[in-house]
Structures are given as C-alpha cells and as structure tokens.
>>> print(open('protein04.cif').read())   # mmCIF, C-alpha atoms and all ligand atoms
data_target
#
loop_
_atom_site.label_atom_id
_atom_site.label_comp_id
_atom_site.auth_asym_id
_atom_site.auth_seq_id
_atom_site.Cartn_x
_atom_site.Cartn_y
_atom_site.Cartn_z
CA MET A 1 -12.66 -37.59 65.65
CA PRO A 2 -11.89 -41.01 67.17
CA THR A 3 -8.60 -42.59 66.17
CA THR A 4 -8.66 -45.20 63.44
CA TRP A 5 -6.64 -48.28 64.37
CA ILE A 6 -5.14 -50.79 62.00
CA THR A 7 -4.82 -54.19 63.65
CA VAL A 8 -2.45 -56.45 61.76
CA CYS A 9 -2.45 -60.20 62.32
CA ASP A 10 1.21 -61.06 62.87
CA THR A 11 0.75 -64.83 62.69
CA CYS A 12 -0.72 -64.96 59.19
CA LYS A 13 1.09 -67.19 56.71
CA GLY A 14 0.38 -67.49 53.00
CA GLU A 15 -0.25 -70.98 51.58
CA ASP A 16 3.32 -71.26 50.31
CA TRP A 17 4.92 -69.83 53.42
CA ALA A 18 6.56 -73.08 54.58
CA ALA A 19 7.98 -73.72 51.10
CA ARG A 20 9.63 -70.29 51.11
CA GLY A 21 11.75 -71.28 54.11
CA LEU A 22 11.32 -68.01 55.99
CA GLU A 23 11.44 -67.55 59.75
CA GLU A 24 9.42 -64.34 59.73
CA THR A 25 5.69 -64.93 59.16
CA ASP A 26 3.97 -63.07 56.33
CA GLY A 27 1.93 -61.28 58.99
CA GLU A 28 5.06 -60.07 60.80
CA ARG A 29 6.41 -58.77 57.52
CA LEU A 30 3.17 -56.98 56.68
CA ALA A 31 2.91 -55.57 60.22
CA GLY A 32 6.40 -54.09 59.96
CA LEU A 33 5.62 -52.52 56.59
CA VAL A 34 2.29 -51.10 57.82
CA GLU A 35 3.99 -49.69 60.93
CA ALA A 36 6.62 -48.02 58.76
CA ALA A 37 4.05 -46.65 56.31
CA ALA A 38 1.94 -45.23 59.16
CA GLN A 39 4.83 -43.24 60.68
CA GLY A 40 3.81 -39.59 61.01
CA ARG A 41 0.30 -40.23 59.72
CA ALA A 42 -3.01 -39.84 61.57
CA VAL A 43 -3.71 -43.53 62.19
CA ARG A 44 -2.44 -46.02 64.78
CA VAL A 45 -1.19 -49.55 64.28
CA ARG A 46 -1.16 -52.54 66.61
CA ARG A 47 -0.49 -56.25 66.18
CA THR A 48 -2.51 -59.23 67.24
CA SER A 49 -2.09 -62.96 66.82
CA CYS A 50 -4.88 -64.41 64.70
CA LEU A 51 -8.02 -62.66 63.51
CA MET A 52 -9.50 -66.09 62.63
CA GLY A 53 -9.20 -65.53 58.92
CA CYS A 54 -6.14 -67.77 58.56
CA ASP A 55 -7.18 -69.34 55.25
CA HIS A 56 -7.21 -65.96 53.53
CA ALA A 57 -4.03 -64.43 54.94
CA CYS A 58 -2.76 -61.77 55.37
CA ASN A 59 -5.49 -60.13 57.40
CA VAL A 60 -6.00 -56.71 58.99
CA ALA A 61 -8.86 -54.98 60.82
CA ILE A 62 -9.76 -51.28 60.54
CA GLN A 63 -11.64 -49.89 63.54
CA ALA A 64 -12.55 -46.68 65.34
CA GLN A 65 -14.98 -45.97 68.18
CA GLY A 66 -18.50 -45.37 66.87
CA LYS A 67 -17.70 -46.19 63.25
CA LEU A 68 -18.14 -49.06 60.83
CA ALA A 69 -15.36 -51.61 61.29
CA TYR A 70 -13.90 -53.77 58.54
CA THR A 71 -11.70 -56.78 58.14
CA LEU A 72 -9.64 -57.12 54.99
CA GLY A 73 -7.61 -60.09 53.87
CA ARG A 74 -5.77 -61.84 51.04
CA PHE A 75 -2.91 -59.34 51.19
CA GLU A 76 0.57 -60.04 49.94
CA PRO A 77 3.05 -58.81 52.58
CA GLY A 78 4.58 -56.07 50.44
CA PRO A 79 4.97 -52.28 50.47
CA GLU A 80 2.12 -51.72 48.02
CA SER A 81 -0.33 -53.54 50.31
CA ALA A 82 0.97 -51.67 53.35
CA GLU A 83 0.61 -48.26 51.70
CA GLY A 84 -2.91 -49.10 50.49
CA ILE A 85 -3.99 -50.26 53.95
CA VAL A 86 -2.66 -47.08 55.59
CA ALA A 87 -4.17 -44.82 52.91
CA TYR A 88 -7.54 -46.57 53.32
CA ALA A 89 -7.33 -46.19 57.12
CA GLU A 90 -6.71 -42.46 56.65
CA ARG A 91 -9.90 -42.19 54.58
CA HIS A 92 -11.72 -44.18 57.30
CA ALA A 93 -10.41 -41.72 59.91
CA GLU A 94 -11.66 -38.75 57.87
CA SER A 95 -15.11 -40.27 57.40
CA GLU A 96 -17.85 -39.46 59.93
CA THR A 97 -19.27 -42.99 59.77
CA GLY A 98 -16.24 -44.99 58.69
CA GLN A 99 -17.77 -45.56 55.27
CA VAL A 100 -15.35 -44.59 52.53
CA PRO A 101 -16.78 -43.95 49.06
CA TYR A 102 -15.60 -46.56 46.54
CA ARG A 103 -14.04 -43.85 44.38
CA ASP A 104 -11.67 -43.07 47.29
CA TRP A 105 -10.53 -46.64 47.88
CA PRO A 106 -6.84 -47.14 47.18
CA GLN A 107 -6.38 -49.70 44.39
CA ALA A 108 -4.49 -51.99 46.76
CA VAL A 109 -7.55 -52.64 48.99
CA LYS A 110 -10.03 -53.37 46.19
CA GLY A 111 -11.16 -56.99 46.34
CA HIS A 112 -9.76 -57.43 49.86
CA PHE A 113 -12.82 -56.71 51.99
CA ILE A 114 -13.97 -59.68 54.08
CA THR A 115 -16.41 -58.36 56.71
CA ARG A 116 -18.06 -55.17 57.86
CA HIS A 117 -19.35 -54.62 61.40
CA PRO A 118 -21.71 -51.82 62.40
CA PRO A 119 -20.63 -49.87 65.48
CA LEU A 120 -22.07 -50.85 68.85
CA PRO A 121 -24.83 -48.63 70.27
CA GLU A 122 -23.50 -45.91 72.56
CA SER A 123 -25.47 -47.25 75.52
CA ASP A 124 -27.14 -50.57 76.45
CA ALA A 125 -30.55 -48.88 76.73
S1 LIG B 1 -3.14 -66.42 61.68
FE1 LIG B 1 -3.82 -64.52 60.83
S2 LIG B 1 -5.95 -64.73 60.90
FE2 LIG B 1 -5.27 -66.54 61.85
#
>>> encode(input="protein04.cif", output="structure tokens")
Amino acid sequence: MPTTWITVCDTCKGEDWAARGLEETDGERLAGLVEAAAQGRAVRVRRTSCLMGCDHACNVAIQAQGKLAYTLGRFEPGPESAEGIVAYAERHAESETGQVPYRDWPQAVKGHFITRHPPLPESDA
C-alpha cells in the first residue's frame, strides 16, 4: 500500500491570531501536534508553507500515490484536531481508493472537508 502523507500548512493563522499575541503560527502549532500524534503510526507528516486556503485556516492535505486526495481546513490548532487528522489519515491509508466511509470518519474531521482530487492516471497514454 502506498504511504499516506499528511501535509500541514505551517503558516496558517486563525482570524484572531494577531490579537492573541503569539509568535508561533496556528499552523506551526497544529503541525507539531500532528507530528506528535503520528509518532509510531502508519502515516507520514510533512510541513509546507501555504496551501492557498488561508481564509479557512488551519489547513492540511491528505495524499497517497494512486488514491483520492483531500484538503481539509477550518481546524483549531489543538490535540483533538490533530488526533482526528491522524486517525482519518490512517483510514485513508487502509482504503484501497482513499475513500473512507462516512461512518469511519473521526468526529474531529466532520465538516472540515474542502476539496477532493482524483488520482492522476498511471500513464500519460
Ligand atoms: S497560510 Fe495556510 S493555506 Fe495559506
């Protein structure tokens, strides 16, 4: 099975981020929590700067070769979000197509789906 990757935007900031007076972005906080939650589990995590969904931060992408890919957003940078994202990515990894039945979605990802991309064809022919 191809590896499922979680790509976390580390430059995301919630609307009230500036008012909270933090140095760490919300995306950096979420990325750290997702990385910690994924330790020892069968998914990989990487960071990127901007997934172009800035107005509905925090954003992540879930991808694996040959499978449906998803972007999810509107996450609060907390442990519950991080655990839900990792648990959803595990279901994505277990799925042949990347499609996870709704009944298996962790509560924390419900209402957070933004886009879905079909996999690219295996060849250009
Ligand atoms: S800063 Fe996160 S999507 Fe743009």
>>> axis_aligned_box(input="protein04.cif", around="stretch 10-21 of chain A", padding_each_side="6 Å", output="lines of an AutoDock Vina configuration file")
center_x = 5.5
center_y = -67.4
center_z = 56.6
size_x = 24.5
size_y = 24.7
size_z = 24.6
>>> residues_near_ligand(input="protein04.cif", ligand="ligand LIG 1 (chain B)", cutoff="9 Å", atoms="all atoms listed in the file", output="PyMOL selection string")
chain A and resi 8-13+27+48-60+73
>>> closest_residue(input="protein04.cif", among="A:Ser81, A:Thr115, A:Gln63, A:Gln107", to="A:Val43", atoms="only C-alpha atoms")
A:Gln63
>>> closest_residue(input="protein04.cif", among="A:Asp16, A:Pro79, A:Thr3, A:Ala64", to="A:Ala31", atoms="all atoms listed in the file")
A:Pro79
>>> residues_near_point(input="protein04.cif", point="(0.0, -42.9, 64.8)", cutoff="10 Å", atoms="only C-alpha atoms", output="list in words")
Thr3, Thr4, Trp5, Ile6, Glu35, Ala38, Gln39, Gly40, Arg41, Ala42, Val43, Arg44, Val45 and Arg46 of chain A
